[in-house]
Structures are given as structure tokens and as C-alpha cells.
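Content type PDB, C-alpha atoms, from the file model15.pdb:
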```pdb
ATOM      1  CA  GLU A 682       3.805  34.329 -85.819
ATOM      2  CA  SER A 683       7.411  33.288 -85.211
ATOM      3  CA  ALA A 684       7.155  32.969 -81.445
ATOM      4  CA  GLU A 685       6.185  29.543 -80.151
ATOM      5  CA  HIS A 686       5.672  27.990 -76.736
ATOM      6  CA  ILE A 687       8.501  25.512 -76.302
ATOM      7  CA  ALA A 688       8.075  24.684 -72.606
ATOM      8  CA  LYS A 689       5.569  25.541 -69.905
ATOM      9  CA  GLY A 690       5.894  29.269 -69.235
ATOM     10  CA  LEU A 691       8.503  29.887 -71.953
ATOM     11  CA  GLN A 692       8.026  31.307 -75.433
ATOM     12  CA  LEU A 693      10.706  31.115 -78.121
ATOM     13  CA  ILE A 694      11.738  34.506 -79.475
ATOM     14  CA  GLN A 695      14.850  33.534 -81.412
ATOM     15  CA  LYS A 696      16.390  30.118 -81.987
ATOM     16  CA  GLY A 697      20.150  29.892 -81.764
ATOM     17  CA  SER A 698      23.086  27.802 -80.623
ATOM     18  CA  GLY A 699      24.697  30.407 -78.350
ATOM     19  CA  PRO A 700      23.856  31.634 -74.854
ATOM     20  CA  CYS A 701      20.311  31.119 -73.545
ATOM     21  CA  ILE A 702      18.697  34.486 -72.873
ATOM     22  CA  TYR A 703      15.576  34.457 -70.694
ATOM     23  CA  VAL A 704      13.585  37.694 -70.899
ATOM     24  CA  LEU A 705      11.401  38.596 -67.907
ATOM     25  CA  HIS A 706       9.154  41.521 -68.735
ATOM     26  CA  ASP A 707       6.806  43.665 -66.701
ATOM     27  CA  LEU A 708       3.242  42.446 -66.126
ATOM     28  CA  ASP A 709       1.966  44.451 -69.081
ATOM     29  CA  GLY A 710       4.885  43.403 -71.280
ATOM     30  CA  TRP A 711       7.298  45.758 -73.000
ATOM     31  CA  ALA A 712       5.987  48.744 -74.873
ATOM     32  CA  LEU A 713       7.604  47.247 -77.976
ATOM     33  CA  GLY A 714       6.966  43.623 -76.983
ATOM     34  CA  PRO A 715       9.804  41.217 -76.208
ATOM     35  CA  GLU A 716      10.242  40.130 -79.828
ATOM     36  CA  LYS A 717      10.611  43.678 -81.164
ATOM     37  CA  ALA A 718      12.780  44.767 -78.238
ATOM     38  CA  LEU A 719      15.214  41.903 -78.825
ATOM     39  CA  LYS A 720      15.180  42.408 -82.591
ATOM     40  CA  LEU A 721      16.623  45.887 -81.930
ATOM     41  CA  LEU A 722      19.701  44.014 -80.672
ATOM     42  CA  ALA A 723      19.536  41.298 -83.336
ATOM     43  CA  ASP A 724      23.054  41.756 -84.689
ATOM     44  CA  LYS A 725      24.424  41.179 -81.182
ATOM     45  CA  LEU A 726      22.034  38.321 -80.412
ATOM     46  CA  GLU A 727      22.341  36.302 -83.617
ATOM     47  CA  PRO A 728      23.902  33.189 -82.076
ATOM     48  CA  CYS A 729      21.708  33.401 -78.953
ATOM     49  CA  HIS A 730      18.711  31.331 -78.014
ATOM     50  CA  ALA A 731      16.202  33.884 -76.662
ATOM     51  CA  LEU A 732      13.012  33.063 -74.751
ATOM     52  CA  ALA A 733      10.305  35.142 -73.093
ATOM     53  CA  VAL A 734       9.308  34.031 -69.601
ATOM     54  CA  LEU A 735       5.505  34.128 -69.487
ATOM     55  CA  TYR A 736       2.950  34.946 -66.815
ATOM     56  CA  ASP A 737       0.483  32.076 -67.086
ATOM     57  CA  ASP A 738      -2.230  30.856 -64.691
ATOM     58  CA  GLU A 739       0.318  29.047 -62.533
ATOM     59  CA  ALA A 740       2.409  32.216 -62.259
ATOM     60  CA  PHE A 741      -0.624  34.342 -61.347
ATOM     61  CA  ALA A 742      -1.508  31.787 -58.652
ATOM     62  CA  CYS A 743       1.770  32.554 -56.811
ATOM     63  CA  GLU A 744       1.026  34.555 -53.674
ATOM     64  CA  THR A 745       4.460  36.156 -53.221
ATOM     65  CA  LEU A 746       7.233  37.501 -55.446
ATOM     66  CA  LYS A 747       9.552  34.900 -53.934
ATOM     67  CA  ALA A 748       7.177  32.105 -55.009
ATOM     68  CA  LEU A 749       6.872  33.632 -58.486
ATOM     69  CA  ALA A 750      10.671  33.893 -58.772
ATOM     70  CA  GLU A 751      11.020  30.260 -57.652
ATOM     71  CA  LEU A 752       8.473  29.114 -60.253
ATOM     72  CA  HIS A 753      10.246  31.015 -63.044
ATOM     73  CA  ARG A 754      13.656  29.812 -61.782
ATOM     74  CA  ALA A 755      12.523  26.174 -61.928
ATOM     75  CA  ARG A 756      11.187  26.603 -65.473
ATOM     76  CA  ILE A 757      14.288  28.444 -66.660
ATOM     77  CA  LEU A 758      16.630  25.931 -65.027
ATOM     78  CA  ARG A 759      14.756  22.953 -66.514
ATOM     79  CA  HIS A 760      14.969  24.456 -70.007
ATOM     80  CA  TRP A 761      18.581  25.624 -69.611
ATOM     81  CA  GLN A 762      19.723  22.158 -68.500
ATOM     82  CA  SER A 763      17.984  20.555 -71.493
ATOM     83  CA  ALA A 764      19.645  23.114 -73.796
ATOM     84  CA  GLY A 765      23.106  21.829 -72.959
ATOM     85  CA  ASN A 766      24.078  24.320 -70.252
ATOM     86  CA  ALA A 767      25.077  27.191 -72.535
ATOM     87  CA  GLN A 768      25.719  30.544 -70.884
ATOM     88  CA  LEU A 769      22.573  31.530 -68.950
ATOM     89  CA  VAL A 770      21.548  35.181 -69.270
ATOM     90  CA  LEU A 771      18.604  36.766 -67.434
ATOM     91  CA  VAL A 772      17.187  39.993 -68.853
ATOM     92  CA  GLY A 773      14.587  41.846 -66.804
ATOM     93  CA  GLU A 774      12.463  44.962 -67.263
ATOM     94  CA  GLY A 775       9.992  46.482 -64.803
ATOM     95  CA  LEU A 776       8.707  43.770 -62.453
ATOM     96  CA  GLY A 777      10.771  41.384 -64.562
ATOM     97  CA  ALA A 778      13.932  43.203 -63.417
ATOM     98  CA  LEU A 779      13.138  42.433 -59.800
ATOM     99  CA  LEU A 780      12.318  38.831 -60.694
ATOM    100  CA  ALA A 781      15.534  38.515 -62.735
ATOM    101  CA  CYS A 782      17.542  39.728 -59.729
ATOM    102  CA  LEU A 783      15.788  37.294 -57.381
ATOM    103  CA  ILE A 784      16.245  34.394 -59.820
ATOM    104  CA  SER A 785      19.895  35.321 -60.311
ATOM    105  CA  LEU A 786      20.444  35.207 -56.549
ATOM    106  CA  GLN A 787      18.648  31.849 -56.293
ATOM    107  CA  LEU A 788      20.792  30.422 -59.100
ATOM    108  CA  GLN A 789      23.967  31.770 -57.485
ATOM    109  CA  GLU A 790      22.976  30.141 -54.191
ATOM    110  CA  ALA A 791      22.729  26.866 -56.171
ATOM    111  CA  GLY A 792      26.305  27.353 -57.413
ATOM    112  CA  LEU A 793      25.524  28.694 -60.915
ATOM    113  CA  ARG A 794      26.846  31.908 -62.432
ATOM    114  CA  PRO A 795      24.110  33.526 -64.529
ATOM    115  CA  SER A 796      24.636  36.809 -66.319
ATOM    116  CA  LEU A 797      22.143  39.537 -65.427
ATOM    117  CA  VAL A 798      20.918  42.426 -67.580
ATOM    118  CA  VAL A 799      18.464  44.879 -66.026
ATOM    119  CA  LEU A 800      16.610  47.339 -68.272
ATOM    120  CA  ASP A 801      14.329  50.216 -67.450
ATOM    121  CA  SER A 802      12.829  52.893 -69.639
ATOM    122  CA  GLU A 803      12.957  55.613 -66.974
ATOM    123  CA  VAL A 804      16.753  55.653 -66.785
ATOM    124  CA  CYS A 805      17.366  56.989 -70.260
ATOM    125  CA  TRP A 806      18.265  60.183 -72.025
ATOM    126  CA  PRO A 807      16.506  62.176 -73.231
ATOM    127  CA  PRO A 808      13.631  61.491 -70.856
ATOM    128  CA  ARG A 809      10.265  60.742 -72.363
ATOM    129  CA  PRO A 810       7.856  63.679 -72.272
ATOM    130  CA  ASP A 811       5.040  61.357 -71.115
ATOM    131  CA  ARG A 812       6.837  60.027 -68.002
ATOM    132  CA  THR A 813       4.561  58.189 -65.603
ATOM    133  CA  CYS A 814       6.613  58.814 -62.448
ATOM    134  CA  GLY A 815       4.784  62.004 -61.556
ATOM    135  CA  TYR A 816       7.874  64.212 -61.385
ATOM    136  CA  PRO A 817      10.308  65.774 -63.882
ATOM    137  CA  TRP A 818      13.601  64.146 -64.878
ATOM    138  CA  LEU A 819      16.137  64.508 -62.057
ATOM    139  CA  GLY A 820      19.265  63.455 -63.931
ATOM    140  CA  ALA A 821      20.724  60.070 -64.773
ATOM    141  CA  GLU A 822      22.592  59.492 -61.503
ATOM    142  CA  VAL A 823      19.591  60.388 -59.346
ATOM    143  CA  GLU A 824      17.156  58.461 -61.538
ATOM    144  CA  ALA A 825      19.385  55.367 -61.485
ATOM    145  CA  SER A 826      19.638  55.514 -57.677
ATOM    146  CA  LEU A 827      15.873  55.912 -57.291
ATOM    147  CA  TRP A 828      15.297  53.071 -59.743
ATOM    148  CA  LEU A 829      17.576  50.773 -57.737
ATOM    149  CA  GLY A 830      15.596  51.691 -54.612
ATOM    150  CA  ARG A 831      12.367  50.767 -56.382
ATOM    151  CA  LEU A 832      13.933  47.536 -57.603
ATOM    152  CA  ALA A 833      14.866  46.648 -54.013
ATOM    153  CA  GLY A 834      11.215  47.063 -53.022
ATOM    154  CA  CYS A 835      11.533  50.535 -51.486
ATOM    155  CA  ASN A 836       8.929  52.166 -53.739
ATOM    156  CA  VAL A 837       7.498  54.517 -51.137
ATOM    157  CA  ALA A 838      10.924  55.654 -49.903
ATOM    158  CA  SER A 839      12.051  56.189 -53.507
ATOM    159  CA  GLU A 840       8.983  58.258 -54.351
ATOM    160  CA  VAL A 841       9.357  60.350 -51.167
ATOM    161  CA  SER A 842      13.029  60.889 -52.032
ATOM    162  CA  ALA A 843      12.096  61.901 -55.576
ATOM    163  CA  MET A 844       9.569  64.424 -54.302
ATOM    164  CA  ARG A 845      12.104  65.844 -51.838
ATOM    165  CA  LEU A 846      14.719  66.121 -54.575
ATOM    166  CA  GLN A 847      12.116  67.744 -56.803
ATOM    167  CA  GLY A 848      11.583  70.381 -54.117
ATOM    168  CA  ILE A 849      15.309  70.950 -53.802
ATOM    169  CA  SER A 850      15.848  71.281 -57.535
ATOM    170  CA  SER A 851      13.012  73.786 -58.151
TER     171      SER A 851
END
```

Transcribe the structure of this file into C-alpha cells.
Amino acid sequence: ESAEHIAKGLQLIQKGSGPCIYVLHDLDGWALGPEKALKLLADKLEPCHALAVLYDDEAFACETLKALAELHRARILRHWQSAGNAQLVLVGEGLGALLACLISLQLQEAGLRPSLVVLDSEVCWPPRPDRTCGYPWLGAEVEASLWLGRLAGCNVASEVSAMRLQGISS
């Protein structure tokens, strides 16, 4: 297996001399797995140093999302500083998207300028036939707005809004 643990809570996906990309996935990982998902972008990532941020025992011991984000931020920052301070890029999906946003804000408060990429499988076209949201596709603009609400922690309000919009659109 090409992936290796290179620091506590970090797993190497692709070695490179360019920007450091830290991938924060959902609790159950990506459907394709972080290695396969990044390999889809391989021609764009070739010079990059890509790492998966892992959920280990220490991460699962965190009692709040803020504590989890702080733990991941400390690990990422420690590795990034040892890597020579290349461009720092956070990529998040699912719960990892929320964590990437929180970590990005924490790093900005410390005077750094990370790049942030947020991915989600529900804001895509065409929509998957096996959607898990519990309602039909409402259109890219609506789905993106609802997703941002979920990302901000307003899950219930987003779901209520989706159900109301569902009623309006039928």
C-alpha cells in the first residue's frame, strides 16, 4: 500500500515538492477513499504533497468539534512548518468540510493564509438516484444554499427548508 503514516494523525497520499494539501474526510471516509479521490485529480496535483488527516483515538476523545478542529490544526501546522512552509491547502468533505472551515479560520486568526477547498457529493449534477437526503433534487442553487446551512451547523433548519421547498415545487 502506498499510503504511509508520516506523523501522528496524518497519512501520506502523494509525495511532492509543491503545496501541502491536507484532506479532511467525513467520519466514514470518502466513497472512493482519499487516495482514489485525489488520484482523479492527479494531473493537477503532481507537484503537491497530499496527506489525509486521520481520525485516531485522540481525535475520537475530543468532546467538541472545536476541540477536534484544534487537534487537527495543531497536527497540520506542525507538519506544514516542518515541510518548509509551502502553500497550505485544506480540502474537506462531509464533516471534514466543517472541520476544514474551522481550521482555516483558526489559521487565519494566527495570521496564516490557507487555501480552502470544500467538496460535497450532494451538490452535483446529475444528482445521484440513491440520494440519502430524503428529498428529490431541488436544483444546484438551492442545494448549494442548503449545504452551506448544514455546513454552518444548521442541519435542522436546512432540512425543514428543504421539506418546505419540496412542498412548493410539487

Taking (10.4, 40.8, -69.7) in the coordinates of the supplied file, I want to know which residues reach to within 9 Å of it, counting only C-alpha atoms; could you give the answer as a PDB file with C-alpha atoms, in the frame of the given file?
```pdb
ATOM      1  CA  TYR A 703      15.576  34.457 -70.694  1.00  0.00           C
ATOM      2  CA  VAL A 704      13.585  37.694 -70.899  1.00  0.00           C
ATOM      3  CA  LEU A 705      11.401  38.596 -67.907  1.00  0.00           C
ATOM      4  CA  HIS A 706       9.154  41.521 -68.735  1.00  0.00           C
ATOM      5  CA  ASP A 707       6.806  43.665 -66.701  1.00  0.00           C
ATOM      6  CA  LEU A 708       3.242  42.446 -66.126  1.00  0.00           C
ATOM      7  CA  GLY A 710       4.885  43.403 -71.280  1.00  0.00           C
ATOM      8  CA  TRP A 711       7.298  45.758 -73.000  1.00  0.00           C
ATOM      9  CA  GLY A 714       6.966  43.623 -76.983  1.00  0.00           C
ATOM     10  CA  PRO A 715       9.804  41.217 -76.208  1.00  0.00           C
ATOM     11  CA  ALA A 733      10.305  35.142 -73.093  1.00  0.00           C
ATOM     12  CA  VAL A 734       9.308  34.031 -69.601  1.00  0.00           C
ATOM     13  CA  LEU A 735       5.505  34.128 -69.487  1.00  0.00           C
ATOM     14  CA  VAL A 772      17.187  39.993 -68.853  1.00  0.00           C
ATOM     15  CA  GLY A 773      14.587  41.846 -66.804  1.00  0.00           C
ATOM     16  CA  GLU A 774      12.463  44.962 -67.263  1.00  0.00           C
ATOM     17  CA  GLY A 775       9.992  46.482 -64.803  1.00  0.00           C
ATOM     18  CA  LEU A 776       8.707  43.770 -62.453  1.00  0.00           C
ATOM     19  CA  GLY A 777      10.771  41.384 -64.562  1.00  0.00           C
ATOM     20  CA  ALA A 778      13.932  43.203 -63.417  1.00  0.00           C
ATOM     21  CA  ALA A 781      15.534  38.515 -62.735  1.00  0.00           C
TER      22      ALA A 781
END
```

If you count only C-alpha atoms, which residues fall within 8 Å of segment 751-765 of chain A, apart from same-chain ones fewer than 4 positions away, as a list in words? Ala688, Lys689, Gly690, Leu691, Cys701, Tyr703, Val734, Ala740, Lys747, Leu769, Ile784, Gln787 and Leu788 of chain A

C-alpha atoms of the current selection, written as a CSV table (one decimal), keeping the file's coordinate frame:
```
chain,number,residue,atom,x,y,z
A,688,ALA,CA,8.1,24.7,-72.6
A,689,LYS,CA,5.6,25.5,-69.9
A,690,GLY,CA,5.9,29.3,-69.2
A,691,LEU,CA,8.5,29.9,-72.0
A,701,CYS,CA,20.3,31.1,-73.5
A,703,TYR,CA,15.6,34.5,-70.7
A,734,VAL,CA,9.3,34.0,-69.6
A,740,ALA,CA,2.4,32.2,-62.3
A,747,LYS,CA,9.6,34.9,-53.9
A,769,LEU,CA,22.6,31.5,-69.0
A,784,ILE,CA,16.2,34.4,-59.8
A,787,GLN,CA,18.6,31.8,-56.3
A,788,LEU,CA,20.8,30.4,-59.1
```

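Going from atom CA of Pro728 of chain A over to atom CA of Pro700 of chain A, you cover 7.4 Å.
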
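Nearest residue to Leu800 of chain A among A:Leu732, A:Ala750, A:Leu771, A:Val837 is A:Leu771, counting all atoms listed in the file.
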
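Rounded to one decimal, atom CA of Val770 of chain A and atom CA of Leu797 of chain A lie 5.8 Å from each other.
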
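Pairwise distance (atom CA of Leu746 of chain A, atom CA of Ile687 of chain A) equals 24.1 Å.
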
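Proximity ranking of A:Ile702, A:Leu846, A:Val841, A:Leu749 relative to Leu780 of chain A places A:Leu749 first, based on only C-alpha atoms.
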
Put segment 743-755 of chain A into a file with all heavy atoms, as a compact mmCIF listing (two decimals), in the first residue's frame.
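See selection_34.txt below for the written result:
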```txt
# COMPACT_ATOMS: atom_id res chain seq x y z
N CYS A 743 -11.90 13.75 21.57
CA CYS A 743 -12.32 15.16 21.61
C CYS A 743 -13.83 15.22 21.85
O CYS A 743 -14.59 14.49 21.23
CB CYS A 743 -11.98 15.87 20.30
SG CYS A 743 -10.21 16.05 20.02
N GLU A 744 -14.25 16.10 22.75
CA GLU A 744 -15.66 16.17 23.12
C GLU A 744 -16.45 17.20 22.32
O GLU A 744 -17.68 17.21 22.38
CB GLU A 744 -15.78 16.45 24.62
CG GLU A 744 -15.24 15.29 25.44
CD GLU A 744 -15.52 15.43 26.91
OE1 GLU A 744 -16.29 16.33 27.32
OE2 GLU A 744 -14.96 14.62 27.67
N THR A 745 -15.77 18.08 21.59
CA THR A 745 -16.46 19.08 20.77
C THR A 745 -15.80 19.17 19.40
O THR A 745 -14.64 18.77 19.23
CB THR A 745 -16.41 20.48 21.43
OG1 THR A 745 -15.03 20.91 21.46
CG2 THR A 745 -17.00 20.47 22.84
N LEU A 746 -16.54 19.71 18.42
CA LEU A 746 -15.96 19.93 17.10
C LEU A 746 -14.82 20.94 17.18
O LEU A 746 -13.82 20.80 16.48
CB LEU A 746 -17.02 20.43 16.13
CG LEU A 746 -17.95 19.36 15.56
CD1 LEU A 746 -19.06 20.00 14.74
CD2 LEU A 746 -17.17 18.36 14.73
N LYS A 747 -14.96 21.93 18.05
CA LYS A 747 -13.90 22.93 18.20
C LYS A 747 -12.61 22.26 18.68
O LYS A 747 -11.53 22.52 18.17
CB LYS A 747 -14.32 24.02 19.18
CG LYS A 747 -13.29 25.10 19.34
CD LYS A 747 -13.76 26.19 20.29
CE LYS A 747 -12.67 27.24 20.46
NZ LYS A 747 -12.99 28.24 21.45
N ALA A 748 -12.72 21.35 19.65
CA ALA A 748 -11.54 20.64 20.16
C ALA A 748 -10.94 19.75 19.07
O ALA A 748 -9.71 19.68 18.93
CB ALA A 748 -11.91 19.81 21.39
N LEU A 749 -11.80 19.10 18.29
CA LEU A 749 -11.32 18.25 17.20
C LEU A 749 -10.60 19.10 16.15
O LEU A 749 -9.52 18.73 15.67
CB LEU A 749 -12.48 17.48 16.57
CG LEU A 749 -12.14 16.54 15.42
CD1 LEU A 749 -11.13 15.49 15.83
CD2 LEU A 749 -13.42 15.89 14.89
N ALA A 750 -11.19 20.25 15.81
CA ALA A 750 -10.55 21.15 14.84
C ALA A 750 -9.20 21.64 15.37
O ALA A 750 -8.21 21.72 14.62
CB ALA A 750 -11.47 22.33 14.53
N GLU A 751 -9.13 21.95 16.66
CA GLU A 751 -7.87 22.42 17.25
C GLU A 751 -6.80 21.32 17.21
O GLU A 751 -5.63 21.59 16.94
CB GLU A 751 -8.10 22.93 18.66
CG GLU A 751 -8.85 24.25 18.69
CD GLU A 751 -9.30 24.69 20.08
OE1 GLU A 751 -9.09 23.94 21.06
OE2 GLU A 751 -9.84 25.80 20.18
N LEU A 752 -7.20 20.08 17.49
CA LEU A 752 -6.26 18.96 17.43
C LEU A 752 -5.72 18.81 16.01
O LEU A 752 -4.50 18.73 15.80
CB LEU A 752 -6.94 17.66 17.87
CG LEU A 752 -6.12 16.39 17.67
CD1 LEU A 752 -4.91 16.37 18.61
CD2 LEU A 752 -6.98 15.15 17.87
N HIS A 753 -6.63 18.77 15.03
CA HIS A 753 -6.20 18.62 13.63
C HIS A 753 -5.36 19.83 13.20
O HIS A 753 -4.37 19.67 12.49
CB HIS A 753 -7.40 18.47 12.71
CG HIS A 753 -8.06 17.12 12.77
ND1 HIS A 753 -7.38 15.94 12.99
CD2 HIS A 753 -9.35 16.77 12.62
CE1 HIS A 753 -8.22 14.92 12.96
NE2 HIS A 753 -9.44 15.40 12.74
N ARG A 754 -5.74 21.03 13.62
CA ARG A 754 -4.98 22.23 13.27
C ARG A 754 -3.54 22.12 13.78
O ARG A 754 -2.59 22.41 13.05
CB ARG A 754 -5.63 23.50 13.83
CG ARG A 754 -4.82 24.77 13.49
CD ARG A 754 -5.10 25.93 14.42
NE ARG A 754 -5.15 25.60 15.82
CZ ARG A 754 -4.09 25.46 16.62
NH1 ARG A 754 -2.87 25.59 16.16
NH2 ARG A 754 -4.24 25.16 17.91
N ALA A 755 -3.39 21.69 15.03
CA ALA A 755 -2.05 21.57 15.62
C ALA A 755 -1.21 20.56 14.83
O ALA A 755 -0.03 20.80 14.55
CB ALA A 755 -2.15 21.17 17.09
```
